[in-house]
Amino acid sequence: MAAMRTHITEHDLRHHGDAEVRDGGEGLTDLAVNVRANTPPEWLRERIAASLTGLAAYPDGRAARAAVAGRHGLPVERVLLTAGAAEAFVLLARALPFRRPVVVHPQFTEPEAALRDAGHSVRRVLLRPENGFRLDPAAVPEDADLVVVGNPTNPTSVLHPRGVLAALARPGRTLVVDEAFMDAVPGEREALAGRTDLPGLVVLRSLTKTWGLAGLRIGYVLAEPAVVSALSRAQPLWPVSTPALVAAEACVSPRALAEAEEASRRLVVDRAHLVAGLGEFEEVRVVASAEGPFVLVRMAGADSVRVRLRGLGFLARRGDTFPGLGPEWLRLAVRDRSTTNRFLQALDQALTLASS
């Protein structure tokens with residue numbers, strides 16, 4: 001059973017995988033950031049580059065908003081475009097009236113950071129490794145009027161059944177489901193995006209991971225029109241740039257959706273290769289049933305192993321900044337078979353050095 005803990009242990013909620021790259025990691029093989037490798041594709045770069053001729057005009061998000069709405073079969077009134085999913089967390093923290101927010105951990109730390117920055121006292125539901133970080137809806141306090149959960153969850157890579165998440169929805173509660181990595185799941189099974197029958201449901205999507213647009217900042221919110229209006233009023237004028245709007249429209253086109261689906265199926269194969277390779281090390285335990293573009297692993301001395309991996313040319317994401325995890329955890333992005341083989345060789349060396 002997952003357990004609710006009221007005591008808040010301090011973590012560096014603002015630490016993210018890109019810090020590994022910034023802090024002297026240039027030129028190393030990046031397994032710390034979950035952006036898909038070799039992106040954005042050339043056709044998308046060309047579309048974005050072509051938009052630069054229109055920079056003299058103020059951004060007009062109507063076409064992109066309509067495209068996102070059409071992609072999910074929703075009216076445009078249920079769509080809000082944002083400067084990445086991170087902006088959406090800030091808007092939610094500042095614009096909606098709630099008093100008892102709960103964040104399900106381990107997960108992406110920006111939601112809690114945004115809530116705390118906005119003056120909220122946050123309660124945590126910590127999912128346990130012995131249960132595979134699976135969510136039991138009964139662990140969420142009944143009086144919570146805001147619940148935030150990721151699916152598939154960063155960093156555990158667990159994909160929660162949609163029925164489990166739906167059980168958290170009820171009148172008087174805002175249920176925020178972060179689906180930033182859902183397009184990396186074949187068929188987007190267990191997605192709640194597009195659902196209009198669940199009270200208080202807010203789904204967040206990011207276009208930065210699959211399409212390699214972290215530097216452009218583009219994502220969106222799917223929610224009831226009243227929620228979209230409240231969040232929109234909290235945004236500044238023209239919050240999403242013209243190139244980002246063009247990217248949003250392009251990334252929800254039929255061509256792009258087909259390409260993302262193909263990439264998600266390749267990911268399944270590449271992830272299985274990584275998990276099988278990690279399984280050869282008796283020192284390493286992989287969180288079972290990974291469904292995202294990353295895996296979470298546990299090993300003694302992981303922090304020292306991470307430093308040794310860096311010296312061998314590979315960047316891994318430390319796990320101790322995630323509530324519910326500690327220094328024995330690392331998150332590894334899934335890469336192609338060749339890159340994984342080189343990483344496994346480096347991991348063997350790092351573990352050998354750790355035991356010598």
# chains A, B, ... in the order shown; residues from 1 in each chain; ligands from 1

call {"tool": "residues_around", "arguments": {"residues": "A:Gly277", "least_positions_apart": "5", "cutoff": "10 Å", "atoms": "only C-alpha atoms", "output": "compact mmCIF listing (two decimals) with N, CA, C and O atoms, in the first residue's frame"}}
result
# COMPACT_ATOMS: atom_id res chain seq x y z
N ARG A 271 14.16 0.03 -25.12
CA ARG A 271 14.06 -0.04 -23.66
C ARG A 271 14.25 -1.48 -23.17
O ARG A 271 14.92 -1.73 -22.16
N ALA A 272 13.67 -2.42 -23.88
CA ALA A 272 13.83 -3.82 -23.50
C ALA A 272 15.30 -4.23 -23.56
O ALA A 272 15.78 -5.00 -22.71
N THR A 340 23.34 2.19 -25.99
CA THR A 340 23.12 1.39 -24.79
C THR A 340 24.25 0.40 -24.57
O THR A 340 24.72 0.21 -23.43
N ASN A 341 24.72 -0.24 -25.63
CA ASN A 341 25.83 -1.19 -25.49
C ASN A 341 27.07 -0.50 -24.93
O ASN A 341 27.77 -1.03 -24.05
N PHE A 343 27.08 2.21 -23.13
CA PHE A 343 26.80 2.58 -21.75
C PHE A 343 26.96 1.38 -20.83
O PHE A 343 27.53 1.50 -19.73
N LEU A 344 26.49 0.22 -21.23
CA LEU A 344 26.58 -0.96 -20.38
C LEU A 344 28.04 -1.34 -20.13
O LEU A 344 28.40 -1.79 -19.03
N GLN A 345 28.88 -1.15 -21.12
CA GLN A 345 30.31 -1.39 -20.93
C GLN A 345 30.88 -0.41 -19.90
O GLN A 345 31.67 -0.79 -19.03

call {"tool": "closest_atom_pairs", "arguments": {"of": "stretch 167-197 of chain A", "to": "stretch 129-152 of chain A", "cutoff": "6 Å", "atoms": "only C-alpha atoms", "output": "tab-separated table"}}
result
residue	atom	partner	partner_atom	distance
A:Arg173	CA	A:Asp145	CA	4.2
A:Thr174	CA	A:Leu146	CA	4.7
A:Leu175	CA	A:Val147	CA	5.0
A:Val176	CA	A:Val148	CA	4.7
A:Val177	CA	A:Val149	CA	5.2
A:Asp178	CA	A:Gly150	CA	4.4
A:Glu179	CA	A:Asn151	CA	5.3

call {"tool": "atom_distance", "arguments": {"atom1": "atom CA of A:Arg124", "atom2": "atom CA of A:Val104"}}
result
5.9 Å

call {"tool": "residues_around", "arguments": {"residues": "A:Arg217", "least_positions_apart": "2", "cutoff": "10 Å", "atoms": "only C-alpha atoms", "output": "list of chain:residue names"}}
result
A:Thr82, A:Ala83, A:Gly84, A:Ala85, A:Ala86, A:Glu87, A:Ser206, A:Leu207, A:Thr208, A:Leu213, A:Ala214, A:Gly215, A:Gly219, A:Val240, A:Ser241, A:Pro243, A:Ala244, A:Leu245, A:Ala247

call {"tool": "write_last_selection", "arguments": {"atoms": "N, CA and C atoms", "output": "PDB file, in the first residue's frame"}}
result
ATOM      1  N   THR A  82       0.577  26.626 -23.778  1.00  0.00           N
ATOM      2  CA  THR A  82       1.480  27.158 -22.764  1.00  0.00           C
ATOM      3  C   THR A  82       2.928  27.054 -23.212  1.00  0.00           C
ATOM      4  N   ALA A  83       3.783  27.794 -22.540  1.00  0.00           N
ATOM      5  CA  ALA A  83       5.228  27.739 -22.800  1.00  0.00           C
ATOM      6  C   ALA A  83       5.806  26.515 -22.089  1.00  0.00           C
ATOM      7  N   GLY A  84       5.466  25.343 -22.614  1.00  0.00           N
ATOM      8  CA  GLY A  84       5.860  24.090 -21.991  1.00  0.00           C
ATOM      9  C   GLY A  84       4.929  23.742 -20.841  1.00  0.00           C
ATOM     10  N   ALA A  85       4.982  22.476 -20.415  1.00  0.00           N
ATOM     11  CA  ALA A  85       4.136  22.059 -19.301  1.00  0.00           C
ATOM     12  C   ALA A  85       4.523  22.773 -18.010  1.00  0.00           C
ATOM     13  N   ALA A  86       5.779  23.203 -17.894  1.00  0.00           N
ATOM     14  CA  ALA A  86       6.227  23.868 -16.667  1.00  0.00           C
ATOM     15  C   ALA A  86       5.421  25.136 -16.403  1.00  0.00           C
ATOM     16  N   GLU A  87       5.093  25.894 -17.453  1.00  0.00           N
ATOM     17  CA  GLU A  87       4.283  27.092 -17.247  1.00  0.00           C
ATOM     18  C   GLU A  87       2.907  26.711 -16.711  1.00  0.00           C
ATOM     19  N   SER A 206       3.137  17.874 -23.112  1.00  0.00           N
ATOM     20  CA  SER A 206       4.337  18.576 -23.552  1.00  0.00           C
ATOM     21  C   SER A 206       4.698  18.096 -24.946  1.00  0.00           C
ATOM     22  N   LEU A 207       5.156  19.021 -25.773  1.00  0.00           N
ATOM     23  CA  LEU A 207       5.654  18.659 -27.101  1.00  0.00           C
ATOM     24  C   LEU A 207       7.177  18.738 -27.162  1.00  0.00           C
ATOM     25  N   THR A 208       7.797  18.945 -26.003  1.00  0.00           N
ATOM     26  CA  THR A 208       9.244  19.148 -25.992  1.00  0.00           C
ATOM     27  C   THR A 208      10.036  17.855 -25.941  1.00  0.00           C
ATOM     28  N   LEU A 213      12.091  19.792 -28.462  1.00  0.00           N
ATOM     29  CA  LEU A 213      11.810  21.227 -28.491  1.00  0.00           C
ATOM     30  C   LEU A 213      11.919  21.861 -27.103  1.00  0.00           C
ATOM     31  N   ALA A 214      12.767  21.296 -26.255  1.00  0.00           N
ATOM     32  CA  ALA A 214      12.891  21.833 -24.899  1.00  0.00           C
ATOM     33  C   ALA A 214      13.291  23.306 -24.911  1.00  0.00           C
ATOM     34  N   GLY A 215      14.089  23.702 -25.881  1.00  0.00           N
ATOM     35  CA  GLY A 215      14.518  25.092 -25.967  1.00  0.00           C
ATOM     36  C   GLY A 215      13.474  26.025 -26.538  1.00  0.00           C
ATOM     37  N   GLY A 219       3.727  23.467 -24.885  1.00  0.00           N
ATOM     38  CA  GLY A 219       2.895  22.422 -24.312  1.00  0.00           C
ATOM     39  C   GLY A 219       1.463  22.913 -24.283  1.00  0.00           C
ATOM     40  N   VAL A 240       2.911  32.416 -25.903  1.00  0.00           N
ATOM     41  CA  VAL A 240       3.584  31.415 -26.728  1.00  0.00           C
ATOM     42  C   VAL A 240       4.054  32.081 -28.013  1.00  0.00           C
ATOM     43  N   SER A 241       5.321  31.907 -28.341  1.00  0.00           N
ATOM     44  CA  SER A 241       5.898  32.578 -29.500  1.00  0.00           C
ATOM     45  C   SER A 241       5.384  31.999 -30.809  1.00  0.00           C
ATOM     46  N   PRO A 243       7.140  30.854 -33.449  1.00  0.00           N
ATOM     47  CA  PRO A 243       7.756  29.557 -33.801  1.00  0.00           C
ATOM     48  C   PRO A 243       7.191  28.398 -32.990  1.00  0.00           C
ATOM     49  N   ALA A 244       6.894  28.629 -31.709  1.00  0.00           N
ATOM     50  CA  ALA A 244       6.330  27.564 -30.880  1.00  0.00           C
ATOM     51  C   ALA A 244       4.922  27.209 -31.326  1.00  0.00           C
ATOM     52  N   LEU A 245       4.142  28.199 -31.736  1.00  0.00           N
ATOM     53  CA  LEU A 245       2.798  27.934 -32.243  1.00  0.00           C
ATOM     54  C   LEU A 245       2.849  27.114 -33.523  1.00  0.00           C
ATOM     55  N   ALA A 247       5.223  25.093 -34.332  1.00  0.00           N
ATOM     56  CA  ALA A 247       5.632  23.751 -33.930  1.00  0.00           C
ATOM     57  C   ALA A 247       4.461  22.966 -33.363  1.00  0.00           C
TER      58      ALA A 247
END

call {"tool": "closest_residue", "arguments": {"among": "A:Thr29, A:Ala113, A:Leu231, A:Gly200", "to": "A:Ser338", "atoms": "only C-alpha atoms"}}
result
A:Thr29

call {"tool": "residues_around", "arguments": {"residues": "A:Thr339", "least_positions_apart": "3", "cutoff": "12 Å", "atoms": "only C-alpha atoms", "output": "PDB file with C-alpha atoms, in the first residue's frame"}}
result
ATOM      1  CA  LEU A  28      29.286  13.499 -23.081  1.00  0.00           C
ATOM      2  CA  THR A  29      26.580  10.985 -23.952  1.00  0.00           C
ATOM      3  CA  ASP A  30      23.410  12.277 -22.329  1.00  0.00           C
ATOM      4  CA  LEU A  31      21.271   9.762 -20.452  1.00  0.00           C
ATOM      5  CA  ALA A  37      17.751  11.825 -29.339  1.00  0.00           C
ATOM      6  CA  ASP A 270      15.326  -0.123 -27.234  1.00  0.00           C
ATOM      7  CA  ARG A 271      14.061  -0.045 -23.655  1.00  0.00           C
ATOM      8  CA  HIS A 273      17.465  -4.011 -24.653  1.00  0.00           C
ATOM      9  CA  LEU A 274      18.540  -1.608 -21.919  1.00  0.00           C
ATOM     10  CA  GLY A 313      31.635   9.708 -20.904  1.00  0.00           C
ATOM     11  CA  PHE A 314      28.008   9.150 -19.762  1.00  0.00           C
ATOM     12  CA  ALA A 333      17.141   7.744 -20.579  1.00  0.00           C
ATOM     13  CA  VAL A 334      16.549   5.069 -23.213  1.00  0.00           C
ATOM     14  CA  ARG A 335      18.762   5.429 -26.259  1.00  0.00           C
ATOM     15  CA  ASP A 336      19.473   3.349 -29.369  1.00  0.00           C
ATOM     16  CA  ARG A 342      28.518   1.434 -24.933  1.00  0.00           C
ATOM     17  CA  PHE A 343      26.798   2.577 -21.753  1.00  0.00           C
ATOM     18  CA  LEU A 344      26.582  -0.963 -20.379  1.00  0.00           C
ATOM     19  CA  GLN A 345      30.312  -1.391 -20.927  1.00  0.00           C
ATOM     20  CA  ALA A 346      30.928   1.870 -19.059  1.00  0.00           C
TER      21      ALA A 346
END

call {"tool": "closest_atom_pairs", "arguments": {"of": "stretch 77-167 of chain A", "to": "stretch 322-329 of chain A", "cutoff": "7 Å", "atoms": "only C-alpha atoms", "output": "CSV"}}
result
residue,atom,partner,partner_atom,distance
A:His105,CA,A:Pro323,CA,6.1
A:Pro106,CA,A:Gly324,CA,5.4
A:Gln107,CA,A:Phe322,CA,6.8
A:Thr109,CA,A:Phe322,CA,6.7
A:Leu126,CA,A:Gly324,CA,5.7

call {"tool": "write_last_selection", "arguments": {"atoms": "C-alpha atoms", "output": "PDB file, in the first residue's frame"}}
result
ATOM      1  CA  HIS A 105       5.590  11.263  -5.521  1.00  0.00           C
ATOM      2  CA  PRO A 106       8.088  10.270  -6.787  1.00  0.00           C
ATOM      3  CA  GLN A 107       7.320  12.421  -9.805  1.00  0.00           C
ATOM      4  CA  THR A 109       9.188  18.049  -8.981  1.00  0.00           C
ATOM      5  CA  LEU A 126       4.800   8.700  -1.421  1.00  0.00           C
TER       6      LEU A 126
END

call {"tool": "atom_distance", "arguments": {"atom1": "atom CA of A:Asp197", "atom2": "atom CA of A:Leu168"}}
result
13.0 Å

call {"tool": "select_by_dssp", "arguments": {"residues": "stretch 120-323 of chain A", "states": "alpha helix (DSSP H)", "output": "ChimeraX atom specification"}}
result
/A:162-166,208-211,225-234,242-251,254-278,302-311

call {"tool": "closest_residue", "arguments": {"among": "A:Ala180, A:Val164, A:Leu96, A:Val252", "to": "A:Ala66", "atoms": "only C-alpha atoms"}}
result
A:Val252

call {"tool": "residues_around", "arguments": {"residues": "A:Leu44", "least_positions_apart": "6", "cutoff": "10 Å", "atoms": "only C-alpha atoms", "output": "PDB file with C-alpha atoms, in the first residue's frame"}}
result
ATOM      1  CA  ALA A  50      10.071  29.222 -42.109  1.00  0.00           C
ATOM      2  CA  TRP A 211      10.081  16.329 -30.683  1.00  0.00           C
ATOM      3  CA  GLY A 212      13.252  17.756 -29.128  1.00  0.00           C
ATOM      4  CA  LEU A 213      11.810  21.227 -28.491  1.00  0.00           C
ATOM      5  CA  VAL A 246       3.938  26.692 -35.634  1.00  0.00           C
ATOM      6  CA  ALA A 247       5.632  23.751 -33.930  1.00  0.00           C
ATOM      7  CA  ALA A 250       2.962  20.694 -36.902  1.00  0.00           C
ATOM      8  CA  CYS A 251       3.401  18.228 -34.039  1.00  0.00           C
ATOM      9  CA  ALA A 256       3.605  13.828 -36.870  1.00  0.00           C
TER      10      ALA A 256
END
